[in-house]
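Data block below; observations after.
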Amino acid sequence: MLELVFPHLVTVLVERVVVESGVLRIAASTKDGTAVVCPGCGTLSTRVHSRYGRRIADAPVAARPVLIELSVRRLFCDNSDCARATFAEQVEGLTSRYGRRTPVLQRVVGALGVVLAARAVARPGLVLGIVVSRMTVLRVVMALPEPAWAVPRVLGVDEFATRKGRRYGTILIDCETHQPLDLLPDREAKTLAAWLREHPGVEIVCRDRAAFFADGARTGAPQAQHCADKWHVWHNLGEAVEPLVSHHRALLRDLVEPEPSPEREPGPVPASAGLEPPESYPAGKFLDRLRDTPAAVRAQVEQVLSLREVARRLGLGRNTVRKYARAASPEAMLHGQWQDRTSKLDRYGPTWSNGSPRAARTCRSSTESCKNVEPAAPTAPCATTSIHCVPDAAQPTVRRWPGRPRPAKPPAGS
């Protein structure tokens, strides 16, 4: 039964199998008397120097991590010409030099690391019984042998940035199988030419319009034909069409028919419809500047310039330029700024009482019910608001600006 679940343990002696803290522990040792080949010279040796223990992680069983505690031998090399005095034996299919995982678990981690990211393998690995860190997954993936490939018929050449604007490399791809072939450390013409000379047989080079790629391909593969890939063709076409369309933007505006504006339903007449029109704006520098600036903006816009370009030329903000370009007239932008607004407190006068605007408004709002409105009793308490009433005939209150000290009170008895 053990050989069916752990076929790689057939060549060793299994001494104990226990489950401790959710981990399946297997104690095993190598067999004595077995000849082992020296990795330095290839001589067989059976003379034992010592033994030591190794802890090797294996593929999980029933979502339980498996740990093999293996006792291996260290043997003498009897060849006097060999540089190795002693060496450790390796069990085929179970151990490797400096390895902490069996080849079975190594293949599982490597396959998951290629398909998923490192963190994506480490997190669900705990549920599956595979205890590895994300850095271990990266090291296993980097140690995998590169897949074999043949010299492509159509070679794709493009650049990539390891540090944008500073350091670039070159990637080579088989355009027919879409398989990455190699990464070059730079994007120089001599590096690409050297690679093409080492791998003859390329018939077509698919590249962009960079001069260093063109020179390297001509030098390394003079018989190959050059072409541009679809992305660079569309990208270059877009770069050529964009300034052309921008230059003839005025003609495109004439081709578009303006949509008829929907008729608005008659709404309620505003309360200010019957009022007299506001007074004319006073003449001066402000009005002159208000009329000159929109005129300059409209002149630039009529030359089919963008709002950004107009703002840059006139030194204005884009929102300001947009407002001037859309306004029907300069006066329309100041509608309502010179009109006087009425208030509920206008009929009570501008008087404030005791320096408190809130108290003054409260008293004036109840003037009709207040009994102390005569000048004879200016300091009598108001029967409605419990404050001192100040009628309109009283002396006007002097406004005190922030930061101005209060006037000193006269001494008592003066």
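Order determines the names: the first chain of the structure tokens is A, the second B, and so forth; residues in each chain are numbered 1 upward, and ligands are numbered 1 upward as they are shown.
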
| request: Pull the strand (DSSP E) assignments for stretch 103-231 of chain A out of DSSP run on the backbone, and list those residues as a PyMOL selection string. | output: chain A and resi 154-163+167-174+179-184+204-207+225-228

| request: Would you work out the distance separating atom CA of A:His178 from atom CA of A:Trp149, expressed in Å to one decimal? | output: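 Going from atom CA of A:His178 over to atom CA of A:Trp149 covers 11.7 Å.
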
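The residue that comes closest to A:Ala59, out of A:Phe6, A:Phe87, A:Tyr98, A:Trp195 and on the basis of only C-alpha atoms, is A:Phe6.
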
| message | What's the separation between atom CA of A:Met142 and atom CA of A:Pro103, in Å to one decimal place? | response |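 According to the coordinates, atom CA of A:Met142 and atom CA of A:Pro103 are separated by 15.6 Å.
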
| field | Pick from A:Glu3, A:Asp81, A:Asp229, A:Asp215 nearest to A:Val154, counting only C-alpha atoms | value |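 Closest to A:Val154 of all the choices is A:Asp229.
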
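Secondary structure from DSSP on the backbone puts alpha helix (DSSP H) at the following positions of stretch 115-181 of chain A: Val115, Ala118, Arg119, Ala120, Val121, Ala122, Arg123, Pro124, Gly125, Leu126, Val127, Leu128, Arg134, Met135, Thr136, Val137, Leu138, Arg139, Val140, Val141 and Met142 of chain A.
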
Residues as selected, N, CA, C and O atoms, written as a compact mmCIF listing (two decimals), in the first residue's frame, can you do that?
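Once everything was written out, this is part.txt:
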```txt
# COMPACT_ATOMS: atom_id res chain seq x y z
N VAL A 115 1.46 29.08 -14.08
CA VAL A 115 0.08 29.44 -14.43
C VAL A 115 -0.41 30.61 -13.59
O VAL A 115 -1.04 31.55 -14.11
N ALA A 118 2.83 34.33 -7.73
CA ALA A 118 3.46 33.74 -6.56
C ALA A 118 2.54 33.77 -5.35
O ALA A 118 2.40 32.79 -4.62
N ARG A 119 1.89 34.90 -5.11
CA ARG A 119 0.97 34.99 -3.97
C ARG A 119 -0.24 34.09 -4.17
O ARG A 119 -0.78 33.54 -3.21
N ALA A 120 -0.70 33.95 -5.40
CA ALA A 120 -1.85 33.10 -5.68
C ALA A 120 -1.54 31.63 -5.44
O ALA A 120 -2.46 30.84 -5.24
N VAL A 121 -0.28 31.24 -5.47
CA VAL A 121 0.10 29.86 -5.17
C VAL A 121 0.27 29.67 -3.67
O VAL A 121 -0.12 28.65 -3.11
N ALA A 122 0.86 30.67 -2.99
CA ALA A 122 1.16 30.52 -1.56
C ALA A 122 -0.11 30.49 -0.72
O ALA A 122 -0.19 29.74 0.26
N ARG A 123 -1.13 31.27 -1.07
CA ARG A 123 -2.33 31.33 -0.24
C ARG A 123 -3.19 30.08 -0.34
O ARG A 123 -3.49 29.46 0.68
N PRO A 124 -3.63 29.66 -1.54
CA PRO A 124 -4.42 28.42 -1.58
C PRO A 124 -3.59 27.17 -1.34
O PRO A 124 -4.14 26.09 -1.12
N GLY A 125 -2.25 27.30 -1.39
CA GLY A 125 -1.41 26.14 -1.11
C GLY A 125 -1.59 25.62 0.31
O GLY A 125 -1.44 24.42 0.56
N LEU A 126 -1.92 26.51 1.25
CA LEU A 126 -2.16 26.07 2.62
C LEU A 126 -3.38 25.17 2.70
O LEU A 126 -3.43 24.23 3.50
N VAL A 127 -4.39 25.44 1.88
CA VAL A 127 -5.59 24.59 1.86
C VAL A 127 -5.28 23.25 1.23
O VAL A 127 -5.79 22.20 1.65
N LEU A 128 -4.42 23.24 0.21
CA LEU A 128 -4.09 22.00 -0.48
C LEU A 128 -3.04 21.18 0.25
O LEU A 128 -2.81 20.02 -0.12
N ARG A 134 5.89 32.87 -1.15
CA ARG A 134 5.87 33.42 -2.51
C ARG A 134 7.27 33.52 -3.10
O ARG A 134 7.47 33.35 -4.31
N MET A 135 8.28 33.78 -2.27
CA MET A 135 9.65 33.84 -2.78
C MET A 135 10.14 32.46 -3.21
O MET A 135 10.91 32.34 -4.18
N THR A 136 9.70 31.41 -2.50
CA THR A 136 10.06 30.06 -2.91
C THR A 136 9.45 29.73 -4.27
O THR A 136 10.10 29.11 -5.12
N VAL A 137 8.21 30.15 -4.49
CA VAL A 137 7.57 29.91 -5.79
C VAL A 137 8.35 30.62 -6.90
O VAL A 137 8.56 30.05 -7.98
N LEU A 138 8.78 31.85 -6.63
CA LEU A 138 9.54 32.58 -7.66
C LEU A 138 10.87 31.89 -7.95
O LEU A 138 11.29 31.81 -9.12
N ARG A 139 11.54 31.39 -6.93
CA ARG A 139 12.82 30.71 -7.17
C ARG A 139 12.62 29.42 -7.95
O ARG A 139 13.42 29.07 -8.83
N VAL A 140 11.55 28.69 -7.66
CA VAL A 140 11.28 27.45 -8.40
C VAL A 140 10.98 27.75 -9.86
O VAL A 140 11.47 27.04 -10.77
N VAL A 141 10.21 28.80 -10.12
CA VAL A 141 9.88 29.16 -11.50
C VAL A 141 11.12 29.62 -12.25
O VAL A 141 11.33 29.26 -13.42
N MET A 142 11.97 30.41 -11.58
CA MET A 142 13.18 30.87 -12.25
C MET A 142 14.16 29.73 -12.53
O MET A 142 14.98 29.81 -13.46
```

Show me, as an mmCIF file with N, CA, C and O atoms, in the first residue's frame, the residues that have an atom within 12 Å of stretch 300-314 of chain A when counting only C-alpha atoms, minus same-chain residues fewer than 5 positions from it.
```cif
data_model
loop_
_atom_site.group_PDB
_atom_site.id
_atom_site.type_symbol
_atom_site.label_atom_id
_atom_site.label_comp_id
_atom_site.auth_asym_id
_atom_site.auth_seq_id
_atom_site.Cartn_x
_atom_site.Cartn_y
_atom_site.Cartn_z
ATOM 1 N N SER A 246 -7.327 67.716 -37.734
ATOM 2 C CA SER A 246 -7.336 68.921 -36.911
ATOM 3 C C SER A 246 -7.180 70.185 -37.761
ATOM 4 O O SER A 246 -7.752 71.227 -37.432
ATOM 5 N N HIS A 247 -6.423 70.084 -38.854
ATOM 6 C CA HIS A 247 -6.227 71.257 -39.719
ATOM 7 C C HIS A 247 -7.494 71.617 -40.485
ATOM 8 O O HIS A 247 -7.746 72.794 -40.758
ATOM 9 N N HIS A 248 -8.318 70.626 -40.830
ATOM 10 C CA HIS A 248 -9.548 70.865 -41.581
ATOM 11 C C HIS A 248 -10.773 70.711 -40.685
ATOM 12 O O HIS A 248 -11.835 70.248 -41.141
ATOM 13 N N ARG A 249 -10.639 71.087 -39.435
ATOM 14 C CA ARG A 249 -11.758 70.946 -38.526
ATOM 15 C C ARG A 249 -12.920 71.869 -38.892
ATOM 16 O O ARG A 249 -14.086 71.544 -38.666
ATOM 17 N N ALA A 250 -12.619 73.031 -39.442
ATOM 18 C CA ALA A 250 -13.693 73.960 -39.825
ATOM 19 C C ALA A 250 -14.578 73.371 -40.917
ATOM 20 O O ALA A 250 -15.799 73.570 -40.935
ATOM 21 N N LEU A 251 -13.986 72.613 -41.850
ATOM 22 C CA LEU A 251 -14.785 72.001 -42.902
ATOM 23 C C LEU A 251 -15.675 70.899 -42.345
ATOM 24 O O LEU A 251 -16.794 70.686 -42.831
ATOM 25 N N LEU A 252 -15.197 70.198 -41.308
ATOM 26 C CA LEU A 252 -16.014 69.146 -40.713
ATOM 27 C C LEU A 252 -17.203 69.726 -39.974
ATOM 28 O O LEU A 252 -18.273 69.107 -39.922
ATOM 29 N N ARG A 253 -17.038 70.912 -39.384
ATOM 30 C CA ARG A 253 -18.163 71.543 -38.696
ATOM 31 C C ARG A 253 -19.286 71.908 -39.670
ATOM 32 O O ARG A 253 -20.468 71.814 -39.332
ATOM 33 N N ASP A 292 -13.198 94.404 -24.611
ATOM 34 C CA ASP A 292 -12.029 94.088 -25.441
ATOM 35 C C ASP A 292 -11.641 92.615 -25.338
ATOM 36 O O ASP A 292 -11.277 91.989 -26.337
ATOM 37 N N THR A 293 -11.703 92.052 -24.140
ATOM 38 C CA THR A 293 -11.253 90.670 -23.962
ATOM 39 C C THR A 293 -12.129 89.678 -24.715
ATOM 40 O O THR A 293 -11.610 88.814 -25.433
ATOM 41 N N PRO A 294 -13.482 89.747 -24.602
ATOM 42 C CA PRO A 294 -14.283 88.814 -25.428
ATOM 43 C C PRO A 294 -14.089 88.997 -26.914
ATOM 44 O O PRO A 294 -14.155 88.023 -27.672
ATOM 45 N N ALA A 295 -13.842 90.233 -27.350
ATOM 46 C CA ALA A 295 -13.604 90.452 -28.775
ATOM 47 C C ALA A 295 -12.326 89.749 -29.220
ATOM 48 O O ALA A 295 -12.271 89.138 -30.291
ATOM 49 N N ASN A 319 -11.444 78.039 -18.574
ATOM 50 C CA ASN A 319 -12.848 78.285 -18.233
ATOM 51 C C ASN A 319 -13.270 79.695 -18.615
ATOM 52 O O ASN A 319 -14.392 79.931 -19.079
ATOM 53 N N THR A 320 -12.356 80.669 -18.420
ATOM 54 C CA THR A 320 -12.665 82.048 -18.807
ATOM 55 C C THR A 320 -12.836 82.161 -20.320
ATOM 56 O O THR A 320 -13.760 82.826 -20.810
ATOM 57 N N VAL A 321 -11.941 81.515 -21.064
ATOM 58 C CA VAL A 321 -12.042 81.559 -22.524
ATOM 59 C C VAL A 321 -13.328 80.882 -22.983
ATOM 60 O O VAL A 321 -14.015 81.367 -23.893
ATOM 61 N N ARG A 322 -13.701 79.779 -22.360
ATOM 62 C CA ARG A 322 -14.928 79.091 -22.736
ATOM 63 C C ARG A 322 -16.155 79.958 -22.452
ATOM 64 O O ARG A 322 -17.107 80.009 -23.230
ATOM 65 N N LYS A 323 -16.126 80.695 -21.327
ATOM 66 C CA LYS A 323 -17.253 81.560 -20.986
ATOM 67 C C LYS A 323 -17.365 82.713 -21.981
ATOM 68 O O LYS A 323 -18.468 83.068 -22.421
ATOM 69 N N TYR A 324 -16.233 83.324 -22.354
ATOM 70 C CA TYR A 324 -16.265 84.428 -23.315
ATOM 71 C C TYR A 324 -16.709 83.943 -24.697
ATOM 72 O O TYR A 324 -17.396 84.657 -25.427
ATOM 73 N N ALA A 325 -16.295 82.720 -25.081
ATOM 74 C CA ALA A 325 -16.633 82.230 -26.418
ATOM 75 C C ALA A 325 -18.117 81.889 -26.544
ATOM 76 O O ALA A 325 -18.693 81.991 -27.632
ATOM 77 N N ARG A 326 -18.744 81.495 -25.437
ATOM 78 C CA ARG A 326 -20.145 81.087 -25.493
ATOM 79 C C ARG A 326 -21.108 82.228 -25.192
ATOM 80 O O ARG A 326 -22.304 82.093 -25.448
#
```

| request: List the neighbours of A:Arg207 out to 7 Å using only C-alpha atoms; skip same-chain residues closer than 4 positions along the sequence, and give me the result as a list in words. | output: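 Result of the neighbour search: Gly156, Val157, Asp158, Cys227, Ala228 and Asp229 of chain A.
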
Could you dump the residues just selected with all heavy atoms as a short mmCIF file (atom, residue, chain, number, x, y, z; two decimals), in the first residue's frame?
```cif
data_model
loop_
_atom_site.label_atom_id
_atom_site.label_comp_id
_atom_site.auth_asym_id
_atom_site.auth_seq_id
_atom_site.Cartn_x
_atom_site.Cartn_y
_atom_site.Cartn_z
N GLY A 156 9.59 38.47 -34.70
CA GLY A 156 9.09 39.76 -34.23
C GLY A 156 10.08 40.42 -33.30
O GLY A 156 10.57 39.79 -32.35
N VAL A 157 10.39 41.68 -33.55
CA VAL A 157 11.38 42.43 -32.77
C VAL A 157 10.72 43.69 -32.24
O VAL A 157 10.11 44.45 -33.01
CB VAL A 157 12.62 42.80 -33.63
CG1 VAL A 157 13.66 43.52 -32.79
CG2 VAL A 157 13.21 41.56 -34.27
N ASP A 158 10.82 43.90 -30.95
CA ASP A 158 10.27 45.11 -30.34
C ASP A 158 11.05 45.40 -29.07
O ASP A 158 11.76 44.54 -28.54
CB ASP A 158 8.78 44.96 -30.04
CG ASP A 158 8.09 46.31 -29.93
OD1 ASP A 158 8.79 47.34 -29.99
OD2 ASP A 158 6.85 46.34 -29.78
N CYS A 227 9.02 44.02 -42.52
CA CYS A 227 7.63 44.46 -42.55
C CYS A 227 7.28 45.02 -41.18
O CYS A 227 8.00 44.82 -40.20
CB CYS A 227 6.69 43.31 -42.93
SG CYS A 227 6.60 42.00 -41.70
N ALA A 228 6.16 45.75 -41.13
CA ALA A 228 5.66 46.34 -39.88
C ALA A 228 4.46 45.54 -39.40
O ALA A 228 3.65 45.08 -40.21
CB ALA A 228 5.28 47.81 -40.08
N ASP A 229 4.32 45.39 -38.10
CA ASP A 229 3.20 44.65 -37.56
C ASP A 229 1.94 45.52 -37.59
O ASP A 229 1.98 46.73 -37.84
CB ASP A 229 3.49 44.19 -36.13
CG ASP A 229 3.83 45.35 -35.23
OD1 ASP A 229 5.01 45.75 -35.18
OD2 ASP A 229 2.91 45.88 -34.58
#
```

| task | Do a neighbour search on A:Leu67 at 9 Å with only C-alpha atoms, toss out local chain neighbours closer than 5 positions, and write the hits as a ChimeraX atom specification. | result | /A:23-27,55-60

Next, write the just-selected residues to a file, as a short mmCIF file (atom, residue, chain, number, x, y, z; two decimals), in the first residue's frame, keeping N, CA, C and O atoms as the atom set.
```
data_model
loop_
_atom_site.label_atom_id
_atom_site.label_comp_id
_atom_site.auth_asym_id
_atom_site.auth_seq_id
_atom_site.Cartn_x
_atom_site.Cartn_y
_atom_site.Cartn_z
N VAL A 23 0.46 16.97 10.30
CA VAL A 23 1.51 16.72 9.30
C VAL A 23 1.83 15.23 9.30
O VAL A 23 2.04 14.62 10.36
N LEU A 24 1.87 14.66 8.11
CA LEU A 24 2.22 13.24 7.96
C LEU A 24 3.74 13.14 7.91
O LEU A 24 4.37 13.56 6.95
N ARG A 25 4.32 12.50 8.95
CA ARG A 25 5.77 12.38 9.07
C ARG A 25 6.16 10.93 8.75
O ARG A 25 5.59 9.99 9.32
N ILE A 26 7.16 10.81 7.88
CA ILE A 26 7.67 9.51 7.47
C ILE A 26 9.15 9.46 7.81
O ILE A 26 9.95 10.28 7.31
N ALA A 27 9.53 8.51 8.68
CA ALA A 27 10.94 8.30 9.03
C ALA A 27 11.49 7.17 8.17
O ALA A 27 10.94 6.05 8.15
N ARG A 55 15.55 16.62 5.99
CA ARG A 55 14.09 16.81 6.08
C ARG A 55 13.61 17.29 4.71
O ARG A 55 13.97 18.39 4.27
N ILE A 56 12.79 16.47 4.06
CA ILE A 56 12.38 16.73 2.69
C ILE A 56 10.85 16.77 2.65
O ILE A 56 10.18 15.86 3.15
N ALA A 57 10.31 17.85 2.08
CA ALA A 57 8.86 17.99 1.91
C ALA A 57 8.42 17.25 0.67
O ALA A 57 9.07 17.30 -0.38
N ASP A 58 7.29 16.56 0.79
CA ASP A 58 6.76 15.76 -0.32
C ASP A 58 5.37 16.28 -0.68
O ASP A 58 4.78 17.12 0.02
N ALA A 59 4.82 15.77 -1.78
CA ALA A 59 3.48 16.16 -2.21
C ALA A 59 2.46 15.78 -1.14
O ALA A 59 2.59 14.74 -0.49
N PRO A 60 1.44 16.60 -0.93
CA PRO A 60 0.47 16.32 0.15
C PRO A 60 -0.38 15.09 -0.14
O PRO A 60 -0.60 14.71 -1.30
#
```
